[in-house]
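Have a look at query_7.txt below; it lists compact mmCIF, C-alpha atoms and all ligand atoms.
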```txt
# COMPACT_ATOMS: atom_id res chain seq x y z
CA MET W 1 -68.83 1.73 -30.84
CA PRO W 2 -67.26 -1.34 -32.52
CA LEU W 3 -69.12 -2.95 -35.40
CA THR W 4 -70.85 -6.28 -34.81
CA TYR W 5 -69.72 -9.26 -36.88
CA SER W 6 -72.67 -8.93 -39.30
CA GLN W 7 -72.13 -5.15 -39.64
CA ALA W 8 -68.42 -5.69 -40.33
CA LYS W 9 -69.18 -8.38 -42.90
CA ALA W 10 -71.75 -6.16 -44.62
CA ALA W 11 -69.25 -3.28 -44.61
CA ILE W 12 -66.59 -5.39 -46.31
CA ILE W 13 -69.06 -6.54 -48.97
CA ASP W 14 -70.44 -3.02 -49.54
CA LEU W 15 -67.06 -1.30 -49.56
CA ARG W 16 -65.60 -3.81 -52.02
CA TRP W 17 -68.17 -2.63 -54.58
CA LEU W 18 -67.47 1.07 -54.08
CA PRO W 19 -65.73 2.60 -57.10
CA ASP W 20 -62.30 4.20 -56.83
CA GLU W 21 -63.79 7.73 -56.69
CA ALA W 22 -65.78 6.75 -53.60
CA ARG W 23 -62.72 5.30 -51.88
CA ALA W 24 -60.79 8.47 -52.72
CA ALA W 25 -63.60 10.60 -51.22
CA LEU W 26 -63.55 8.50 -48.04
CA ARG W 27 -59.78 8.90 -47.79
CA ASP W 28 -59.67 12.62 -48.60
CA GLY W 29 -62.75 13.84 -46.73
CA GLY W 30 -64.64 14.43 -49.99
CA ASP W 31 -68.10 13.70 -51.42
CA TRP W 32 -69.25 10.97 -53.77
CA GLU W 33 -72.64 9.81 -55.00
CA LYS W 34 -73.87 7.35 -57.58
CA THR W 35 -76.12 8.90 -60.22
CA ASP W 36 -77.07 6.13 -62.65
CA HIS W 37 -80.10 4.71 -60.84
CA THR W 38 -83.09 3.62 -62.91
CA ALA W 39 -86.72 3.54 -61.77
CA ASP W 40 -86.99 -0.24 -62.01
CA MET W 41 -84.33 -0.58 -59.29
CA GLY W 42 -86.67 1.06 -56.79
CA ASN W 43 -88.91 -0.48 -54.16
CA PRO W 44 -92.49 0.59 -55.02
CA PHE W 45 -94.67 2.09 -52.27
CA VAL W 46 -98.30 2.97 -52.83
CA SER W 47 -99.95 5.50 -50.52
CA TRP W 48 -103.02 7.68 -50.25
CA ASP W 49 -102.36 11.29 -51.24
CA SER W 50 -104.86 13.37 -49.31
CA ASP W 51 -104.30 16.45 -51.54
CA LYS W 52 -104.93 14.58 -54.80
CA ARG W 53 -107.52 12.37 -53.06
CA THR W 54 -106.17 9.29 -54.78
CA TYR W 55 -103.40 6.72 -54.47
CA VAL W 56 -99.91 7.57 -55.73
CA LEU W 57 -96.92 5.37 -56.51
CA THR W 58 -93.44 6.25 -55.24
CA HIS W 59 -90.19 4.34 -55.71
CA TYR W 60 -87.41 4.34 -53.13
CA ILE W 61 -83.93 2.92 -53.43
CA ALA W 62 -81.23 2.46 -50.77
CA THR W 63 -77.70 3.33 -51.75
CA LEU W 64 -74.38 4.49 -50.32
CA GLU W 65 -72.92 8.00 -50.48
CA VAL W 66 -69.77 9.62 -49.15
CA ARG W 67 -70.36 12.99 -47.49
CA GLY W 68 -67.42 14.88 -46.07
CA GLY W 69 -65.36 11.69 -45.98
CA ASP W 70 -67.99 9.70 -44.05
CA LEU W 71 -70.02 6.83 -45.45
CA TYR W 72 -73.82 7.17 -45.35
CA ASP W 73 -76.74 4.89 -46.08
CA VAL W 74 -79.00 7.03 -48.24
CA VAL W 75 -82.58 6.51 -49.39
CA LEU W 76 -83.46 8.12 -52.71
CA GLU W 77 -86.98 8.88 -53.94
CA CYS W 78 -87.87 8.79 -57.64
CA ASP W 79 -89.92 11.84 -58.64
CA ALA W 80 -92.50 12.07 -61.43
CA ASP W 81 -89.77 13.00 -63.95
CA GLY W 82 -87.71 9.94 -63.10
CA ASN W 83 -85.06 11.86 -61.18
CA TRP W 84 -83.73 10.46 -57.93
CA ASP W 85 -83.63 12.85 -54.97
CA SER W 86 -82.21 12.25 -51.53
CA GLN W 87 -85.06 11.47 -49.16
CA ASP W 88 -83.31 10.32 -46.01
CA ALA W 89 -79.76 9.58 -44.85
CA ALA W 90 -77.98 8.16 -41.81
CA ARG W 91 -74.38 7.30 -40.95
CA TYR W 92 -73.51 3.88 -42.36
CA GLY W 93 -73.86 0.88 -40.05
CA THR W 94 -75.58 2.75 -37.20
CA PRO W 95 -78.85 1.81 -35.44
CA GLU W 96 -80.31 4.96 -37.07
CA SER W 97 -79.45 3.70 -40.54
CA ALA W 98 -80.88 0.23 -39.77
CA ALA W 99 -84.16 1.84 -38.64
CA MET W 100 -84.20 4.11 -41.69
CA LEU W 101 -83.62 1.23 -44.12
CA ALA W 102 -86.40 -0.74 -42.41
CA ASP W 103 -88.81 2.17 -43.05
CA TYR W 104 -88.23 1.85 -46.83
CA SER W 105 -88.01 -1.95 -47.03
CA TYR W 106 -90.23 -4.35 -48.94
CA GLU W 107 -91.89 -5.34 -45.63
CA ALA W 108 -92.68 -1.68 -44.91
CA SER W 109 -94.31 -1.34 -48.34
CA ARG W 110 -96.75 -4.22 -47.80
CA PRO W 111 -99.46 -2.58 -45.65
CA GLY W 112 -99.83 0.15 -48.30
CA TRP W 113 -100.27 -2.45 -51.03
CA LYS W 114 -102.83 -4.36 -48.98
CA ASP W 115 -104.84 -1.13 -48.51
CA TYR W 116 -104.52 -0.43 -52.22
CA TRP W 117 -105.88 -3.83 -53.30
CA VAL W 118 -108.81 -3.43 -50.90
CA TYR W 119 -109.49 -0.07 -52.59
CA VAL W 120 -109.29 -1.65 -56.07
CA LEU W 121 -111.54 -4.55 -55.10
CA THR W 122 -114.19 -2.40 -53.42
CA THR W 123 -114.26 0.50 -55.92
CA GLY W 124 -113.26 -1.23 -59.17
CA LYS W 125 -110.77 1.68 -59.72
CA ASP W 126 -107.03 1.22 -60.31
CA PRO W 127 -105.72 4.80 -60.08
CA ILE W 128 -102.02 3.92 -60.46
CA ASN W 129 -102.76 1.62 -63.42
CA GLU W 130 -101.12 -1.32 -61.71
CA VAL W 131 -103.23 -3.88 -63.60
CA MET W 132 -102.05 -4.29 -67.17
CA TYR W 133 -103.40 -6.01 -70.27
CA ARG W 134 -107.00 -4.92 -69.57
CA ARG W 135 -107.53 -7.63 -66.95
CA ASP W 136 -110.46 -7.37 -64.55
CA VAL W 137 -108.97 -5.11 -61.85
CA ARG W 138 -111.24 -6.52 -59.13
CA GLN W 139 -110.16 -10.07 -59.95
CA VAL W 140 -106.47 -9.08 -59.78
CA ALA W 141 -107.10 -7.35 -56.42
CA ARG W 142 -108.89 -10.43 -55.10
CA GLU W 143 -106.00 -12.70 -56.15
CA SER W 144 -103.39 -10.39 -54.65
CA LEU W 145 -105.16 -10.09 -51.28
CA VAL W 146 -105.49 -13.87 -50.99
CA ARG W 147 -102.09 -14.85 -52.42
CA ASP W 148 -99.81 -12.03 -51.19
CA HIS W 149 -101.55 -10.71 -48.09
CA GLY W 150 -103.02 -13.85 -46.50
CA VAL W 151 -106.65 -12.66 -46.60
CA ALA W 152 -109.10 -15.58 -46.45
CA GLU W 153 -111.65 -15.73 -49.31
CA ALA W 154 -114.45 -15.41 -46.75
CA ASP W 155 -112.90 -12.20 -45.37
CA LEU W 156 -112.54 -10.38 -48.70
CA PRO W 157 -114.35 -7.02 -48.52
CA ALA W 158 -117.51 -6.69 -50.59
CA PRO W 159 -117.37 -4.33 -53.60
CA HIS W 160 -119.41 -1.14 -53.35
CA PRO W 161 -122.68 -1.69 -55.30
CA ASP W 162 -123.22 0.29 -58.52
CA ASP W 163 -125.78 2.56 -56.84
CA CYS W 164 -123.72 2.98 -53.64
CA ASP W 165 -124.24 6.36 -51.98
CA CYS W 166 -121.22 6.32 -49.63
CA GLU W 167 -118.85 9.30 -49.45
CA LEU W 168 -116.03 7.56 -51.35
CA CYS W 169 -118.28 6.59 -54.27
CA ALA W 170 -119.76 10.10 -54.40
CA ASP W 171 -116.19 11.41 -54.48
CA LEU W 172 -115.21 9.05 -57.32
CA ALA W 173 -118.29 9.92 -59.37
CA ARG W 174 -117.54 13.63 -58.95
CA ASP W 175 -113.87 13.09 -59.89
CA GLU W 176 -114.72 11.19 -63.05
CA ALA W 177 -116.98 14.02 -64.13
CA ALA W 178 -114.19 16.55 -63.57
CA GLU W 179 -111.69 17.51 -66.25
CA TRP W 180 -108.68 17.33 -63.93
CA TYR W 181 -109.35 13.64 -63.30
CA ASP W 182 -108.77 12.89 -67.00
CA GLU W 183 -105.59 14.91 -66.96
CA LEU W 184 -104.40 13.14 -63.83
CA ASN W 185 -104.98 9.75 -65.45
CA ARG W 186 -103.24 10.82 -68.64
CA GLY W 187 -100.27 11.85 -66.50
CA TYR W 188 -100.14 8.47 -64.80
CA LEU W 189 -100.36 6.66 -68.12
CA GLN W 190 -97.59 8.77 -69.64
CA ASP W 191 -95.40 7.99 -66.63
CA ARG W 192 -95.78 4.31 -67.33
CA ILE W 193 -95.16 4.30 -71.09
ZN ZN C 1 -119.50 3.23 -51.88
```
Rendering of file as structure tokens:
Amino acid sequence: MPLTYSQAKAAIIDLRWLPDEARAALRDGGDWEKTDHTADMGNPFVSWDSDKRTYVLTHYIATLEVRGGDLYDVVLECDADGNWDSQDAARYGTPESAAMLADYSYEASRPGWKDYWVYVLTTGKDPINEVMYRRDVRQVARESLVRDHGVAEADLPAPHPDDCDCELCADLARDEAAEWYDELNRGYLQDRI
């Protein structure tokens, strides 16, 4: 299938930036991958982890790799130790790779963030320590929902009251009493220092 104009243009731009080793791998049927990614290059996704029963932060980055002489769009995931591991891959410039890249795009990350800020606003908890400098986490959540997610002031969800007896609040109260919750939070803080 011939490349469209925009695919061909993107290919020329991408390929121009490939180092000599990558070009050699393409020519000789070899392998090449870039290894010097840093966490701040990644696109942050926040999602509910049903095992840990809390939100977790994951960074993804899209890059190019040569595998067996073919060029691939590859999505890498940053693990807790800051190492990048291959998460998903598709042949470069194909509809499959376009769909894959869309799954890890900024747009795809937004619903997770909206859910997260609703959680922060309603519970007063910021489990991934997204709010820095000891600001009021609920105020930051409120601002983000209105400014970044188009939620009208009148539609902002109400915080759970202090004496709320819903399942989530019971869960949070139990977690805070548990030792592992402290350890979990220490882990998150260490990741961010
Ligand atoms: Zn509640």
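Nearest residue to ligand ZN 1 (chain C), choosing from W:Pro19, W:Pro161, W:Gly42, W:Gly29 and counting all atoms listed in the file: W:Pro161.
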Considering all atoms listed in the file, return as a ChimeraX atom specification whatever protein or nucleic-acid residues lie within 9 Å of segment 69-78 of chain W, sequence-local ones (same chain, fewer than 2 positions apart) excluded.
/W:24-32,38-39,42,58-67,80-93,97-98,100-101,104
Padding 3 Å on every side, please: axis-aligned box over the listed atoms of segment 90-100 of chain W, centre and edge lengths to one decimal in Å, as AutoDock Vina command-line options.
```
--center_x -78.9 --center_y 4.2 --center_z -38.9 --size_x 16.7 --size_y 13.9 --size_z 12.9
```
Would you name the residues within 10 Å of ligand ZN 1 (chain C), counting all atoms listed in the file, and put them as a short mmCIF file (atom, residue, chain, number, x, y, z; two decimals) with C-alpha atoms, in the frame of the given file?
```cif
data_model
loop_
_atom_site.label_atom_id
_atom_site.label_comp_id
_atom_site.auth_asym_id
_atom_site.auth_seq_id
_atom_site.Cartn_x
_atom_site.Cartn_y
_atom_site.Cartn_z
CA THR W 122 -114.19 -2.40 -53.42
CA THR W 123 -114.26 0.50 -55.92
CA PRO W 159 -117.37 -4.33 -53.60
CA HIS W 160 -119.41 -1.14 -53.35
CA PRO W 161 -122.68 -1.69 -55.30
CA ASP W 162 -123.22 0.29 -58.52
CA ASP W 163 -125.78 2.56 -56.84
CA CYS W 164 -123.72 2.98 -53.64
CA ASP W 165 -124.24 6.36 -51.98
CA CYS W 166 -121.22 6.32 -49.63
CA GLU W 167 -118.85 9.30 -49.45
CA LEU W 168 -116.03 7.56 -51.35
CA CYS W 169 -118.28 6.59 -54.27
CA ALA W 170 -119.76 10.10 -54.40
CA ASP W 171 -116.19 11.41 -54.48
CA LEU W 172 -115.21 9.05 -57.32
#
```
Just want the 9 Å neighbourhood of Asp136 of chain W, counted on only C-alpha atoms, with same-chain residues fewer than 5 positions away dropped. Output as a PyMOL selection string.
chain W and resi 124+131+141
